[in-house]
file start.txt (compact mmCIF, C-alpha atoms)
# COMPACT_ATOMS: atom_id res chain seq x y z
CA MET A 1 -1.15 10.84 15.55
CA LEU A 2 -4.57 12.42 16.09
CA GLY A 3 -5.83 10.63 19.19
CA ASN A 4 -6.43 7.29 20.89
CA LEU A 5 -9.73 5.44 20.60
CA HIS A 6 -8.89 3.38 23.68
CA ASP A 7 -9.60 6.41 25.87
CA GLN A 8 -11.44 8.83 23.54
CA THR A 9 -14.56 8.60 21.41
CA ILE A 10 -14.19 9.01 17.66
CA GLU A 11 -16.04 12.34 17.92
CA GLN A 12 -13.52 13.59 20.50
CA VAL A 13 -10.65 12.73 18.15
CA LEU A 14 -12.25 14.27 15.06
CA HIS A 15 -13.04 17.50 16.94
CA GLY A 16 -9.91 17.51 19.10
CA PRO A 17 -6.99 19.97 19.25
CA VAL A 18 -4.77 18.17 16.74
CA MET A 19 -7.46 18.12 14.07
CA GLN A 20 -8.23 21.76 14.85
CA GLU A 21 -4.58 22.63 14.29
CA ILE A 22 -4.49 20.75 10.98
CA ARG A 23 -7.69 22.40 9.73
CA ALA A 24 -6.39 25.85 10.69
CA THR A 25 -3.22 25.19 8.70
CA LEU A 26 -5.15 24.03 5.63
CA ARG A 27 -7.36 27.11 5.93
CA GLN A 28 -4.16 29.17 5.50
CA GLY A 29 -3.57 27.37 2.20
CA ARG A 30 -0.60 25.24 3.25
CA ALA A 31 0.13 21.67 4.29
CA HIS A 32 0.97 21.05 7.95
CA ASP A 33 4.72 20.48 8.38
CA THR A 34 4.29 17.39 10.59
CA TYR A 35 0.98 15.74 9.74
CA CYS A 36 1.07 16.30 5.96
CA LYS A 37 4.73 15.38 5.47
CA ASN A 38 4.15 11.92 3.96
CA CYS A 39 1.87 13.21 1.20
CA VAL A 40 4.17 16.12 0.36
CA GLN A 41 7.12 13.72 0.07
CA ALA A 42 5.15 11.20 -2.04
CA GLU A 43 4.14 13.90 -4.52
CA GLN A 44 7.78 14.41 -5.47
CA TYR A 45 7.47 11.08 -7.31
CA GLY A 46 3.81 11.00 -8.31
CA ARG A 47 0.48 10.95 -6.49
CA SER A 48 -0.27 10.87 -2.78
CA GLU A 49 -3.15 9.78 -0.58
CA ARG A 50 -4.44 13.34 -0.30
CA ALA A 51 -5.21 13.26 -4.04
CA TRP A 52 -7.43 10.22 -3.31
CA HIS A 53 -9.23 12.13 -0.55
CA ASN A 54 -9.65 15.32 -2.59
CA GLN A 55 -11.08 13.40 -5.55
CA ALA A 56 -13.77 12.00 -3.24
CA ASN A 57 -14.89 15.52 -2.31
CA PRO A 58 -14.39 17.71 -5.41
CA GLY A 59 -16.93 20.37 -4.45
CA PHE A 60 -15.57 21.05 -0.97
CA GLN A 61 -14.98 24.74 -0.18
CA VAL A 62 -12.91 25.32 2.92
CA ASP A 63 -14.22 28.83 3.50
CA LEU A 64 -17.80 27.51 3.89
CA HIS A 65 -16.95 25.23 6.82
CA ASN A 66 -15.80 25.84 10.37
CA ASP A 67 -13.10 23.87 12.15
CA LEU A 68 -15.62 21.61 13.92
CA ASP A 69 -17.27 20.39 10.73
CA HIS A 70 -16.60 16.79 9.83
CA SER A 71 -18.29 14.44 7.38
CA PRO A 72 -16.93 10.92 6.77
CA VAL A 73 -16.91 11.20 2.97
CA LEU A 74 -13.97 8.83 2.61
CA ILE A 75 -13.33 6.12 5.19
CA ASP A 76 -9.91 4.49 5.48
CA ILE A 77 -9.90 2.10 8.44
CA ARG A 78 -6.92 -0.09 9.33
CA TRP A 79 -8.24 -1.95 12.36
CA ASN A 80 -5.08 -3.86 13.24
CA THR A 81 -2.00 -5.54 11.77
CA THR A 82 -3.34 -9.06 11.23
CA CYS A 83 -1.56 -10.41 8.15
CA ASN A 84 -0.64 -13.80 6.75
CA LEU A 85 2.54 -12.68 4.97
CA SER A 86 5.97 -11.42 6.03
CA CYS A 87 6.97 -9.40 2.96
CA ASN A 88 10.66 -8.55 2.81
CA TYR A 89 10.20 -4.79 3.10
CA CYS A 90 7.49 -4.91 5.77
CA CYS A 91 7.95 -5.10 9.56
CA GLU A 92 6.37 -6.15 12.84
CA LYS A 93 4.56 -2.79 13.15
CA SER A 94 2.51 -3.55 10.04
CA SER A 95 2.30 -7.35 9.98
CA SER A 96 1.35 -9.77 12.73
CA LYS A 97 3.24 -12.46 10.81
CA TRP A 98 6.44 -10.45 11.19
CA ALA A 99 5.72 -9.94 14.88
CA THR A 100 5.44 -13.72 15.27
CA ILE A 101 8.75 -14.27 13.46
CA LYS A 102 10.43 -11.65 15.66
CA LYS A 103 8.81 -13.23 18.76
CA LEU A 104 7.19 -9.92 19.69
CA PRO A 105 3.78 -9.27 21.24
CA ILE A 106 1.06 -9.03 18.62
CA LYS A 107 -1.32 -6.08 18.89
CA SER A 108 -3.97 -7.69 16.75
CA GLY A 109 -7.38 -9.07 17.56
CA THR A 110 -10.72 -7.28 17.64
CA ARG A 111 -10.55 -3.75 19.01
CA PRO A 112 -13.10 -2.92 21.74
CA TYR A 113 -14.08 0.34 20.02
CA TYR A 114 -14.89 -1.05 16.59
CA GLN A 115 -18.65 -1.21 17.22
CA GLN A 116 -18.61 2.43 18.38
CA VAL A 117 -16.83 3.47 15.18
CA CYS A 118 -19.23 1.47 13.01
CA ALA A 119 -22.20 3.04 14.85
CA TYR A 120 -20.78 6.52 14.13
CA LEU A 121 -20.47 5.65 10.45
CA GLU A 122 -23.96 4.20 10.29
CA ASN A 123 -25.31 7.44 11.80
CA ASN A 124 -23.46 9.42 9.11
CA GLN A 125 -24.15 6.96 6.32
CA SER A 126 -25.51 9.57 3.90
CA ALA A 127 -22.12 11.34 3.73
CA ILE A 128 -20.08 8.25 2.80
CA LYS A 129 -18.88 8.09 -0.80
CA LYS A 130 -15.78 5.90 -0.59
CA LEU A 131 -14.45 3.17 1.68
CA GLY A 132 -10.79 2.16 1.73
CA LEU A 133 -9.86 -1.20 3.23
CA VAL A 134 -6.20 -1.68 4.02
CA GLY A 135 -4.55 -3.64 6.82
CA GLY A 136 -2.68 -5.70 7.82
CA GLU A 137 -4.61 -7.78 5.33
CA PRO A 138 -8.21 -6.46 5.01
CA LEU A 139 -9.61 -9.86 4.04
CA LEU A 140 -8.48 -11.17 7.45
CA LEU A 141 -9.80 -8.31 9.60
CA LYS A 142 -13.03 -9.53 11.23
CA GLU A 143 -14.15 -5.96 11.98
CA ASN A 144 -14.67 -5.43 8.25
CA GLU A 145 -17.68 -7.77 8.33
CA LEU A 146 -19.71 -5.26 10.38
CA LEU A 147 -18.18 -2.30 8.56
CA LEU A 148 -19.41 -3.63 5.20
CA ASP A 149 -22.92 -3.89 6.68
CA VAL A 150 -23.09 -0.23 7.78
CA VAL A 151 -21.70 1.54 4.70
CA PRO A 152 -24.22 2.42 1.96
CA ASP A 153 -24.45 0.21 -1.12
CA THR A 154 -23.79 3.30 -3.25
CA CYS A 155 -20.26 3.87 -1.89
CA LYS A 156 -17.15 2.93 -3.86
CA ILE A 157 -14.99 0.34 -2.07
CA ASP A 158 -11.23 0.15 -2.66
CA LEU A 159 -8.93 -2.46 -1.13
CA ILE A 160 -5.19 -2.83 -0.95
CA THR A 161 -4.71 -6.56 -0.48
CA ASN A 162 -2.05 -9.24 -0.86
CA LEU A 163 -4.83 -11.45 -2.32
CA SER A 164 -3.15 -14.51 -0.82
CA VAL A 165 -6.23 -15.76 1.02
CA ASP A 166 -8.54 -18.65 0.09
CA LEU A 167 -11.48 -16.66 -1.27
CA ASN A 168 -13.76 -19.70 -1.27
CA LYS A 169 -13.73 -19.71 2.56
CA ASN A 170 -13.44 -15.98 3.24
CA LYS A 171 -16.49 -14.24 4.80
CA ILE A 172 -15.30 -10.73 3.92
CA PHE A 173 -14.89 -11.67 0.26
CA ALA A 174 -18.40 -13.14 0.31
CA LYS A 175 -19.77 -9.74 1.41
CA LEU A 176 -17.62 -7.84 -1.07
CA ALA A 177 -18.77 -10.11 -3.90
CA SER A 178 -22.33 -8.90 -3.34
CA LYS A 179 -21.26 -5.24 -3.79
CA LYS A 180 -21.36 -3.63 -7.23
CA ASN A 181 -18.59 -1.04 -7.11
CA VAL A 182 -15.35 -2.57 -5.79
CA GLY A 183 -11.78 -1.82 -6.80
CA TRP A 184 -9.11 -4.39 -5.90
CA ASN A 185 -5.55 -3.06 -5.66
CA VAL A 186 -3.34 -6.11 -5.42
CA SER A 187 -0.03 -5.33 -3.76
CA PHE A 188 2.99 -6.77 -5.59
CA GLU A 189 5.67 -5.79 -8.10
CA ASN A 190 7.36 -9.07 -9.06
CA THR A 191 6.24 -12.27 -10.75
CA ALA A 192 6.70 -16.02 -10.26
CA GLN A 193 9.68 -16.97 -8.04
CA ARG A 194 10.64 -13.36 -7.33
CA PHE A 195 7.05 -12.72 -6.19
CA VAL A 196 7.31 -15.63 -3.72
CA TYR A 197 10.69 -14.41 -2.44
CA VAL A 198 9.49 -10.86 -1.71
CA ARG A 199 5.94 -11.78 -0.61
CA HIS A 200 7.02 -14.51 1.76
CA GLY A 201 4.17 -16.91 2.52
CA ALA A 202 2.28 -16.13 -0.70
CA SER A 203 1.55 -18.36 -3.67
CA TRP A 204 1.88 -17.02 -7.21
CA THR A 205 -0.67 -19.58 -8.41
CA MET A 206 -3.22 -18.63 -5.73
CA MET A 207 -2.82 -14.93 -6.43
CA GLN A 208 -3.46 -15.42 -10.16
CA THR A 209 -6.45 -17.70 -9.49
CA ASN A 210 -7.92 -15.15 -7.08
CA MET A 211 -7.52 -12.34 -9.60
CA LYS A 212 -9.60 -14.31 -12.12
CA LYS A 213 -12.26 -14.98 -9.46
CA ILE A 214 -12.54 -11.28 -8.68
CA LEU A 215 -12.79 -10.30 -12.33
CA ALA A 216 -15.83 -12.58 -12.57
CA CYS A 217 -17.67 -10.43 -9.96
CA ASP A 218 -20.13 -7.93 -11.38
CA GLY A 219 -18.82 -4.36 -11.08
CA HIS A 220 -15.42 -5.33 -9.70
CA LYS A 221 -12.14 -4.04 -11.12
CA VAL A 222 -8.62 -5.30 -10.50
CA GLY A 223 -5.43 -3.24 -10.51
CA VAL A 224 -1.94 -3.57 -9.12
CA HIS A 225 -0.43 -1.47 -6.32
CA ALA A 226 3.32 -1.69 -6.96
CA LEU A 227 6.30 -0.33 -5.01
CA TYR A 228 9.50 0.81 -6.68
CA ASN A 229 12.42 -0.60 -4.67
CA ILE A 230 15.57 -2.69 -5.08
CA TYR A 231 13.52 -5.85 -5.66
CA SER A 232 11.63 -4.33 -8.60
CA ALA A 233 14.08 -1.75 -10.00
CA THR A 234 16.04 -4.12 -12.25
CA ARG A 235 13.00 -6.17 -13.29
CA LEU A 236 10.63 -3.46 -14.51
CA ARG A 237 10.40 -4.81 -18.06
CA GLU A 238 9.59 -8.28 -16.81
CA PHE A 239 6.83 -7.01 -14.54
CA MET A 240 5.37 -4.60 -17.09
CA ASP A 241 5.26 -7.41 -19.66
CA TRP A 242 3.01 -9.34 -17.26
CA VAL A 243 0.86 -6.26 -16.49
CA LYS A 244 0.26 -5.54 -20.18
CA GLN A 245 -0.38 -9.18 -20.99
CA GLU A 246 -3.02 -9.41 -18.24
CA GLN A 247 -4.42 -5.98 -19.17
CA VAL A 248 -4.52 -4.69 -15.60
CA ALA A 249 -3.82 -1.15 -14.46
CA VAL A 250 -0.81 -0.53 -12.20
CA GLU A 251 -0.30 2.32 -9.73
CA TRP A 252 3.36 2.80 -8.80
CA GLN A 253 4.67 4.33 -5.59
CA ARG A 254 8.22 4.92 -4.40
CA LEU A 255 9.32 2.97 -1.31
CA PHE A 256 11.16 5.35 1.03
CA HIS A 257 11.55 3.15 4.09
CA PRO A 258 13.60 1.23 4.90
CA ALA A 259 16.25 3.37 3.19
CA TYR A 260 18.52 0.41 2.42
CA LEU A 261 15.97 -0.86 -0.13
CA ASP A 262 16.30 2.35 -2.15
CA PRO A 263 18.08 1.12 -5.32
CA PHE A 264 19.89 4.46 -5.70
CA ARG A 265 21.50 4.30 -2.25
CA ILE A 266 23.34 0.97 -2.54
CA SER A 267 26.19 1.49 -4.99
CA ALA A 268 27.08 3.45 -8.13
CA ALA A 269 27.01 0.25 -10.18
CA VAL A 270 23.50 -0.63 -8.93
CA SER A 271 22.32 2.92 -9.67
CA GLU A 272 23.61 2.64 -13.22
CA LEU A 273 21.87 -0.70 -13.66
CA CYS A 274 18.59 0.84 -12.50
CA LEU A 275 18.92 3.83 -14.83
CA VAL A 276 19.45 1.48 -17.78
CA GLU A 277 16.32 -0.45 -16.79
CA LEU A 278 14.33 2.79 -16.49
CA ASP A 279 15.48 3.91 -19.94
CA SER A 280 14.45 0.55 -21.36
CA VAL A 281 10.97 0.60 -19.85
CA LEU A 282 10.50 4.25 -20.84
CA SER A 283 11.12 3.28 -24.47
CA ARG A 284 7.94 1.18 -24.44
CA THR A 285 5.03 2.49 -26.47
CA ASP A 286 2.34 0.86 -24.34
CA LEU A 287 2.82 2.82 -21.09
CA CYS A 288 -0.11 4.88 -19.86
CA ALA A 289 0.50 8.50 -18.82
CA ASN A 290 0.72 7.72 -15.07
CA GLU A 291 3.23 4.91 -15.63
CA LYS A 292 5.40 7.01 -17.92
CA ASN A 293 5.31 10.02 -15.59
CA PHE A 294 6.30 7.91 -12.58
CA PHE A 295 9.26 6.23 -14.29
CA GLN A 296 10.40 9.54 -15.78
CA GLN A 297 10.28 11.28 -12.40
CA VAL A 298 12.32 8.52 -10.77
CA ARG A 299 14.83 8.71 -13.62
CA ASN A 300 15.09 12.50 -13.47
CA THR A 301 15.47 12.55 -9.70
CA ASN A 302 18.29 10.00 -9.75
CA ALA A 303 20.05 10.84 -13.01
CA ASN A 304 23.19 11.88 -11.13
CA GLY A 305 23.24 8.81 -8.90
CA GLY A 306 22.45 8.52 -5.21
CA ALA A 307 24.19 8.82 -1.87
CA HIS A 308 25.49 5.22 -2.06
CA ASP A 309 25.64 4.85 1.71
CA MET A 310 23.47 1.77 2.17
CA LEU A 311 25.48 -1.11 0.68
CA THR A 312 26.42 -2.66 4.04
CA ALA A 313 22.91 -2.17 5.40
CA PHE A 314 21.41 -3.88 2.34
CA GLN A 315 23.85 -6.80 2.58
CA ASP A 316 22.91 -7.15 6.25
CA HIS A 317 19.24 -7.13 5.26
CA VAL A 318 19.69 -10.02 2.81
CA GLN A 319 21.70 -11.94 5.42
CA GLN A 320 19.01 -11.35 8.07
CA ILE A 321 16.20 -12.42 5.74
CA GLU A 322 17.86 -15.57 4.41
CA VAL A 323 19.59 -16.83 7.54
CA HIS A 324 17.26 -15.84 10.37
CA ASP A 325 13.81 -14.73 9.18
CA HIS A 326 13.12 -16.80 6.05
CA PRO A 327 15.70 -19.62 6.11
CA ASP A 328 13.79 -21.47 3.38
CA GLN A 329 14.97 -18.70 1.02
CA LYS A 330 18.68 -19.09 1.75
CA GLY A 331 20.79 -18.11 -1.26
CA LYS A 332 17.74 -17.16 -3.31
CA PHE A 333 18.51 -13.46 -3.75
CA ALA A 334 21.75 -14.24 -5.57
CA GLU A 335 19.92 -16.77 -7.71
CA LEU A 336 16.93 -14.58 -8.57
CA TRP A 337 18.72 -11.21 -8.92
CA PRO A 338 22.14 -12.21 -10.36
CA GLU A 339 22.50 -8.84 -12.08
CA ILE A 340 22.63 -7.15 -8.66
CA SER A 341 24.50 -9.84 -6.73
CA LYS A 342 27.46 -9.92 -9.09
CA ILE A 343 28.17 -6.19 -8.71
CA ILE A 344 27.79 -5.83 -4.94
call {"tool": "encode", "arguments": {"input": "start.txt", "output": "structure tokens"}}
result
Amino acid sequence: MLGNLHDQTIEQVLHGPVMQEIRATLRQGRAHDTYCKNCVQAEQYGRSERAWHNQANPGFQVDLHNDLDHSPVLIDIRWNTTCNLSCNYCCEKSSSKWATIKKLPIKSGTRPYYQQVCAYLENNQSAIKKLGLVGGEPLLLKENELLLDVVPDTCKIDLITNLSVDLNKNKIFAKLASKKNVGWNVSFENTAQRFVYVRHGASWTMMQTNMKKILACDGHKVGVHALYNIYSATRLREFMDWVKQEQVAVEWQRLFHPAYLDPFRISAAVSELCLVELDSVLSRTDLCANEKNFFQQVRNTNANGGAHDMLTAFQDHVQQIEVHDHPDQKGKFAELWPEISKII
């Protein structure tokens, strides 16, 4: 959205006309209608990524800086889409595994500009406070090996990972294990067989084993990055039981796309089922404030039901997944989510 590193330097992008326009808008005290839309939408249901950025720079005063100032306080680099999973709500734009299944060209592999970007960061090392590693799957992105060498040891590192990689053979994990301030956000919202169905290609046993390995690293913390969608909406109690048993923190976000996985857009009966589940989980006494606020906001927003215009699209999605994309999972949705299947 801001520029293209294939034909521009990172400095040209950061000081270019789009960034100038965004900074001018923020200087006026408002979010840009186009470039800030995702964060504004996310904050209707909880926190957004801009909260993460603002927390990394609490003393920043916009009136003391001009529109050419830039310091890489927080780095969030997603080098390419290399991933080993084809999760049911993901797509070929975000996962090379999905691109392979769809028989589409894969835009993965090492980017020619990654050394230039790492050199820029090394030259501005003193400004760096936080590093975010996302993906694709960050443990499979070879560029992260050099990146971890150029960031200061004092910076906080946060990952969003599927954690479905053999850590014993992973070079990026070996470098991360030597760091002292690492936060692992493991991306999932189901357990056991439902985990395997949604996170196609993953192993529930491997994920649990890897979580224990990470917890053994000095200064490392493990949390869960969970998405509220049709696959999790009727199984919240089940998932929260596991979270509380394992004593890990969970950060919930609402899944907006694709729209047919919104549990309040499928049918009135499904909406009612989800509201009952929300009421049940809200009755728990062991929810933290963020968990309770998220579930309450979802409940309040959908108390009167949804548009109910996505039933056919959702049925087509299940058919596509089980017949064409993941044929090894044929018939599994009906088996694993009988409460939904019997009313649609």
call {"tool": "closest_residue", "arguments": {"input": "start.txt", "among": "A:Ala202, A:Leu147, A:Val276, A:Leu336", "to": "Tyr120 of chain A", "atoms": "all atoms listed in the file"}}
result
A:Leu147
call {"tool": "residues_around", "arguments": {"input": "start.txt", "residues": "segment 292-306 of chain A", "least_positions_apart": "4", "cutoff": "12 Å", "atoms": "only C-alpha atoms", "output": "compact mmCIF listing (two decimals) with C-alpha atoms, in the frame of the given file"}}
result
# COMPACT_ATOMS: atom_id res chain seq x y z
CA ALA A 42 5.15 11.20 -2.04
CA GLU A 43 4.14 13.90 -4.52
CA GLN A 44 7.78 14.41 -5.47
CA TYR A 45 7.47 11.08 -7.31
CA GLY A 46 3.81 11.00 -8.31
CA ARG A 47 0.48 10.95 -6.49
CA ALA A 226 3.32 -1.69 -6.96
CA LEU A 227 6.30 -0.33 -5.01
CA TYR A 228 9.50 0.81 -6.68
CA ASN A 229 12.42 -0.60 -4.67
CA ALA A 233 14.08 -1.75 -10.00
CA LEU A 236 10.63 -3.46 -14.51
CA ARG A 237 10.40 -4.81 -18.06
CA MET A 240 5.37 -4.60 -17.09
CA VAL A 250 -0.81 -0.53 -12.20
CA GLU A 251 -0.30 2.32 -9.73
CA TRP A 252 3.36 2.80 -8.80
CA GLN A 253 4.67 4.33 -5.59
CA ARG A 254 8.22 4.92 -4.40
CA LEU A 255 9.32 2.97 -1.31
CA ALA A 259 16.25 3.37 3.19
CA TYR A 260 18.52 0.41 2.42
CA ASP A 262 16.30 2.35 -2.15
CA PRO A 263 18.08 1.12 -5.32
CA PHE A 264 19.89 4.46 -5.70
CA ARG A 265 21.50 4.30 -2.25
CA ILE A 266 23.34 0.97 -2.54
CA SER A 267 26.19 1.49 -4.99
CA ALA A 268 27.08 3.45 -8.13
CA ALA A 269 27.01 0.25 -10.18
CA VAL A 270 23.50 -0.63 -8.93
CA SER A 271 22.32 2.92 -9.67
CA GLU A 272 23.61 2.64 -13.22
CA LEU A 273 21.87 -0.70 -13.66
CA CYS A 274 18.59 0.84 -12.50
CA LEU A 275 18.92 3.83 -14.83
CA VAL A 276 19.45 1.48 -17.78
CA GLU A 277 16.32 -0.45 -16.79
CA LEU A 278 14.33 2.79 -16.49
CA ASP A 279 15.48 3.91 -19.94
CA SER A 280 14.45 0.55 -21.36
CA VAL A 281 10.97 0.60 -19.85
CA LEU A 282 10.50 4.25 -20.84
CA SER A 283 11.12 3.28 -24.47
CA ARG A 284 7.94 1.18 -24.44
CA THR A 285 5.03 2.49 -26.47
CA ASP A 286 2.34 0.86 -24.34
CA LEU A 287 2.82 2.82 -21.09
CA CYS A 288 -0.11 4.88 -19.86
CA MET A 310 23.47 1.77 2.17
CA LEU A 311 25.48 -1.11 0.68
call {"tool": "residues_around", "arguments": {"input": "start.txt", "residues": "Leu133 of chain A", "least_positions_apart": "5", "cutoff": "10 Å", "atoms": "all atoms listed in the file", "output": "ChimeraX atom specification"}}
result
/A:75-79,138-139,141,144,147,157-161,184
call {"tool": "axis_aligned_box", "arguments": {"input": "start.txt", "around": "segment 255-266 of chain A", "padding_each_side": "8 Å", "output": "JSON"}}
result
{"center_x": 16.3, "center_y": 2.2, "center_z": -0.4, "size_x": 30.0, "size_y": 22.2, "size_z": 26.6}
call {"tool": "atom_distance", "arguments": {"input": "start.txt", "atom1": "atom CA of Gln20 of chain A", "atom2": "atom CA of His32 of chain A"}}
result
11.5 Å
call {"tool": "closest_residue", "arguments": {"input": "start.txt", "among": "A:Ala192, A:Ala307, A:Val224, A:Leu85", "to": "Ala99 of chain A", "atoms": "all atoms listed in the file"}}
result
A:Leu85
call {"tool": "atom_distance", "arguments": {"input": "start.txt", "atom1": "atom CA of Ser178 of chain A", "atom2": "atom CA of Leu163 of chain A"}}
result
17.7 Å
call {"tool": "atom_distance", "arguments": {"input": "start.txt", "atom1": "atom CA of Glu92 of chain A", "atom2": "atom CA of Trp337 of chain A"}}
result
25.5 Å
call {"tool": "closest_residue", "arguments": {"input": "start.txt", "among": "A:Cys36, A:Leu104, A:Asn4, A:Val151", "to": "Cys118 of chain A", "atoms": "all atoms listed in the file"}}
result
A:Val151
call {"tool": "build_atoms", "arguments": {"input": "start.txt", "residues": "segment 75-100 of chain A", "atoms": "N, CA and C atoms", "output": "CSV table (one decimal), in the coordinates of the input"}}
result
chain,number,residue,atom,x,y,z
A,75,ILE,N,-13.7,6.9,4.0
A,75,ILE,CA,-13.3,6.1,5.2
A,75,ILE,C,-12.1,5.2,4.8
A,76,ASP,N,-11.1,5.3,5.7
A,76,ASP,CA,-9.9,4.5,5.5
A,76,ASP,C,-9.6,3.9,6.8
A,77,ILE,N,-10.0,2.7,7.1
A,77,ILE,CA,-9.9,2.1,8.4
A,77,ILE,C,-8.9,0.9,8.4
A,78,ARG,N,-7.9,1.0,9.2
A,78,ARG,CA,-6.9,-0.1,9.3
A,78,ARG,C,-7.0,-0.6,10.8
A,79,TRP,N,-7.9,-1.5,11.0
A,79,TRP,CA,-8.2,-2.0,12.4
A,79,TRP,C,-7.1,-2.5,13.2
A,80,ASN,N,-6.2,-3.3,12.6
A,80,ASN,CA,-5.1,-3.9,13.2
A,80,ASN,C,-4.1,-4.4,12.2
A,81,THR,N,-3.1,-5.1,12.7
A,81,THR,CA,-2.0,-5.5,11.8
A,81,THR,C,-2.1,-7.0,11.4
A,82,THR,N,-3.2,-7.7,11.6
A,82,THR,CA,-3.3,-9.1,11.2
A,82,THR,C,-3.0,-9.3,9.8
A,83,CYS,N,-2.0,-10.1,9.5
A,83,CYS,CA,-1.6,-10.4,8.2
A,83,CYS,C,-1.0,-11.8,8.1
A,84,ASN,N,-1.1,-12.4,6.9
A,84,ASN,CA,-0.6,-13.8,6.8
A,84,ASN,C,0.7,-13.9,6.0
A,85,LEU,N,1.3,-12.7,5.7
A,85,LEU,CA,2.5,-12.7,5.0
A,85,LEU,C,3.6,-11.9,5.8
A,86,SER,N,4.9,-12.2,5.5
A,86,SER,CA,6.0,-11.4,6.0
A,86,SER,C,6.8,-10.9,4.9
A,87,CYS,N,6.3,-9.9,4.2
A,87,CYS,CA,7.0,-9.4,3.0
A,87,CYS,C,8.3,-8.8,3.4
A,88,ASN,N,9.3,-8.9,2.5
A,88,ASN,CA,10.7,-8.6,2.8
A,88,ASN,C,10.9,-7.1,3.2
A,89,TYR,N,10.0,-6.2,2.7
A,89,TYR,CA,10.2,-4.8,3.1
A,89,TYR,C,9.2,-4.3,4.1
A,90,CYS,N,8.4,-5.2,4.7
A,90,CYS,CA,7.5,-4.9,5.8
A,90,CYS,C,8.2,-5.1,7.1
A,91,CYS,N,7.4,-5.0,8.2
A,91,CYS,CA,8.0,-5.1,9.6
A,91,CYS,C,6.9,-5.5,10.6
A,92,GLU,N,7.3,-5.7,11.8
A,92,GLU,CA,6.4,-6.2,12.8
A,92,GLU,C,5.3,-5.1,13.2
A,93,LYS,N,5.5,-3.8,12.9
A,93,LYS,CA,4.6,-2.8,13.2
A,93,LYS,C,3.4,-2.9,12.2
A,94,SER,N,3.6,-3.5,11.1
A,94,SER,CA,2.5,-3.6,10.0
A,94,SER,C,2.0,-5.0,9.8
A,95,SER,N,2.7,-6.0,10.3
A,95,SER,CA,2.3,-7.4,10.0
A,95,SER,C,2.4,-8.2,11.2
A,96,SER,N,1.3,-8.9,11.6
A,96,SER,CA,1.4,-9.8,12.7
A,96,SER,C,2.2,-11.0,12.4
A,97,LYS,N,2.4,-11.3,11.2
A,97,LYS,CA,3.2,-12.5,10.8
A,97,LYS,C,4.7,-12.1,11.1
A,98,TRP,N,5.1,-10.9,10.8
A,98,TRP,CA,6.4,-10.4,11.2
A,98,TRP,C,6.6,-10.4,12.7
A,99,ALA,N,5.6,-10.0,13.4
A,99,ALA,CA,5.7,-9.9,14.9
A,99,ALA,C,5.9,-11.3,15.4
A,100,THR,N,5.3,-12.3,14.8
A,100,THR,CA,5.4,-13.7,15.3
A,100,THR,C,6.9,-14.2,15.0
